[in-house]
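Structure below is input.txt: compact mmCIF, C-alpha atoms and all ligand atoms.
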```txt
# COMPACT_ATOMS: atom_id res chain seq x y z
CA MET Z 27 0.00 0.00 0.00
CA THR Z 28 1.49 3.28 -1.07
CA ASN Z 29 1.01 6.65 0.52
CA ASN Z 30 0.74 9.22 -2.23
CA THR Z 31 -1.02 11.91 -0.27
CA ARG Z 32 2.13 13.99 -0.04
CA SER Z 33 2.43 14.32 -3.78
CA HIS Z 34 -0.99 15.82 -4.22
CA PHE Z 35 -2.15 19.35 -4.45
CA LEU Z 36 -5.49 20.23 -2.99
CA ARG Z 37 -7.87 22.81 -4.33
CA VAL Z 38 -9.60 24.25 -1.32
CA LYS Z 39 -12.25 26.82 -0.66
CA CYS Z 40 -12.13 29.11 2.34
CA ASN Z 41 -15.13 28.63 4.59
CA ASP Z 42 -15.11 32.25 5.60
CA CYS Z 43 -14.75 34.21 2.38
CA GLY Z 44 -15.16 31.60 -0.35
CA ASN Z 45 -11.74 32.24 -1.86
CA GLU Z 46 -10.36 29.26 -3.76
CA GLN Z 47 -6.69 28.40 -3.83
CA VAL Z 48 -4.43 25.42 -4.41
CA ILE Z 49 -2.24 24.17 -1.61
CA PHE Z 50 0.27 21.35 -1.43
CA GLY Z 51 -0.97 18.14 0.17
CA SER Z 52 1.73 18.22 2.80
CA VAL Z 53 2.69 21.68 3.94
CA ALA Z 54 5.74 22.63 6.03
CA THR Z 55 4.23 25.80 7.40
CA LYS Z 56 0.76 27.06 8.15
CA VAL Z 57 -1.18 28.06 5.09
CA LYS Z 58 -3.41 31.09 5.26
CA CYS Z 59 -6.22 32.10 3.00
CA LEU Z 60 -4.83 34.56 0.49
CA ALA Z 61 -7.89 36.73 0.80
CA CYS Z 62 -8.77 36.85 4.50
CA GLU Z 63 -5.73 35.21 6.16
CA LYS Z 64 -7.72 32.56 7.92
CA ILE Z 65 -5.52 29.53 8.60
CA ILE Z 66 -6.72 26.81 6.26
CA ALA Z 67 -4.05 24.15 6.83
CA GLU Z 68 -1.25 23.50 9.23
CA PRO Z 69 1.50 20.88 9.41
CA THR Z 70 1.45 17.96 11.80
CA GLY Z 71 4.49 16.05 10.58
CA GLY Z 72 2.44 13.82 8.34
CA LYS Z 73 -0.38 14.57 6.02
CA THR Z 74 -1.94 17.98 6.17
CA PRO Z 75 -5.19 18.43 8.00
CA VAL Z 76 -7.16 20.87 5.95
CA LYS Z 77 -9.45 23.11 7.93
CA THR Z 78 -11.61 24.09 5.05
CA GLN Z 79 -13.50 22.59 2.18
CA ILE Z 80 -11.51 20.46 -0.27
CA ILE Z 81 -12.92 20.93 -3.73
CA SER Z 82 -10.64 18.54 -5.54
CA VAL Z 83 -7.37 16.66 -5.28
CA LEU Z 84 -4.87 17.30 -8.02
CA ASP Z 85 -2.19 14.77 -8.82
CA LYS Z 86 1.03 16.67 -9.36
CA ASP Z 87 2.12 14.30 -12.10
CA ALA Z 88 -1.06 15.07 -13.99
CA ALA Z 89 -0.91 18.81 -13.48
ZN ZN N 101 -10.74 33.40 3.30
```
Could you take the file, read its structure, and then write that structure out as structure tokens?
Ligand SMILES: [Zn+2]
Amino acid sequence: MTNNTRSHFLRVKCNDCGNEQVIFGSVATKVKCLACEKIIAEPTGGKTPVKTQIISVLDKDAA
């Protein structure tokens, strides 16, 4: 069983302002919404818990 979650990008939508942006599936630092600066993801040493709505998962090899 492979763990490919780290190689994915996630398209997310901010719950607060509705801004959409693409973040990496495993972030090293907290990611803020570009529009309202709400924290939408933060690192835990493994996969990234996303605190907002994930619209789609983008495979980096397909991007
Ligand atoms: Zn926002």
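Minimum distance to Z:Phe35 across Z:Ser52, Z:Val57, Z:Lys77, Z:Cys62 (counting all atoms listed in the file) occurs at Z:Ser52.
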Please, what distance in Å, to one decimal, runs between atom CA of Z:Val53 and atom CA of Z:Leu84? 14.8 Å
Give as an mmCIF file with C-alpha atoms, keeping the file's coordinate frame the set of residues within 10 Å of the point (-1.5, 21.2, 0.4), where distances use the file's coordinates and all atoms listed in the file.
```
data_model
loop_
_atom_site.group_PDB
_atom_site.id
_atom_site.type_symbol
_atom_site.label_atom_id
_atom_site.label_comp_id
_atom_site.auth_asym_id
_atom_site.auth_seq_id
_atom_site.Cartn_x
_atom_site.Cartn_y
_atom_site.Cartn_z
ATOM 1 C CA THR Z 31 -1.020 11.910 -0.270
ATOM 2 C CA ARG Z 32 2.130 13.990 -0.040
ATOM 3 C CA SER Z 33 2.430 14.320 -3.780
ATOM 4 C CA HIS Z 34 -0.990 15.820 -4.220
ATOM 5 C CA PHE Z 35 -2.150 19.350 -4.450
ATOM 6 C CA LEU Z 36 -5.490 20.230 -2.990
ATOM 7 C CA ARG Z 37 -7.870 22.810 -4.330
ATOM 8 C CA VAL Z 38 -9.600 24.250 -1.320
ATOM 9 C CA GLN Z 47 -6.690 28.400 -3.830
ATOM 10 C CA VAL Z 48 -4.430 25.420 -4.410
ATOM 11 C CA ILE Z 49 -2.240 24.170 -1.610
ATOM 12 C CA PHE Z 50 0.270 21.350 -1.430
ATOM 13 C CA GLY Z 51 -0.970 18.140 0.170
ATOM 14 C CA SER Z 52 1.730 18.220 2.800
ATOM 15 C CA VAL Z 53 2.690 21.680 3.940
ATOM 16 C CA ALA Z 54 5.740 22.630 6.030
ATOM 17 C CA LYS Z 56 0.760 27.060 8.150
ATOM 18 C CA VAL Z 57 -1.180 28.060 5.090
ATOM 19 C CA ILE Z 66 -6.720 26.810 6.260
ATOM 20 C CA ALA Z 67 -4.050 24.150 6.830
ATOM 21 C CA GLU Z 68 -1.250 23.500 9.230
ATOM 22 C CA PRO Z 69 1.500 20.880 9.410
ATOM 23 C CA LYS Z 73 -0.380 14.570 6.020
ATOM 24 C CA THR Z 74 -1.940 17.980 6.170
ATOM 25 C CA PRO Z 75 -5.190 18.430 8.000
ATOM 26 C CA VAL Z 76 -7.160 20.870 5.950
ATOM 27 C CA VAL Z 83 -7.370 16.660 -5.280
ATOM 28 C CA LEU Z 84 -4.870 17.300 -8.020
#
```
Give me, as CSV, the closest atom pair and its distance (Å, one decimal) for every residue of chain Z within a cut-off of 9 Å of ligand ZN 101 (chain N), counting only C-alpha atoms and all ligand atoms, rows sorted by chain and rising number.
```
residue,atom,partner,partner_atom,distance
Z:Lys39,CA,N:ZN101,ZN,7.8
Z:Cys40,CA,N:ZN101,ZN,4.6
Z:Asn41,CA,N:ZN101,ZN,6.6
Z:Asp42,CA,N:ZN101,ZN,5.1
Z:Cys43,CA,N:ZN101,ZN,4.2
Z:Gly44,CA,N:ZN101,ZN,6.0
Z:Asn45,CA,N:ZN101,ZN,5.4
Z:Glu46,CA,N:ZN101,ZN,8.2
Z:Lys58,CA,N:ZN101,ZN,7.9
Z:Cys59,CA,N:ZN101,ZN,4.7
Z:Leu60,CA,N:ZN101,ZN,6.6
Z:Ala61,CA,N:ZN101,ZN,5.0
Z:Cys62,CA,N:ZN101,ZN,4.2
Z:Glu63,CA,N:ZN101,ZN,6.0
Z:Lys64,CA,N:ZN101,ZN,5.6
Z:Ile65,CA,N:ZN101,ZN,8.4
Z:Ile66,CA,N:ZN101,ZN,8.3
```
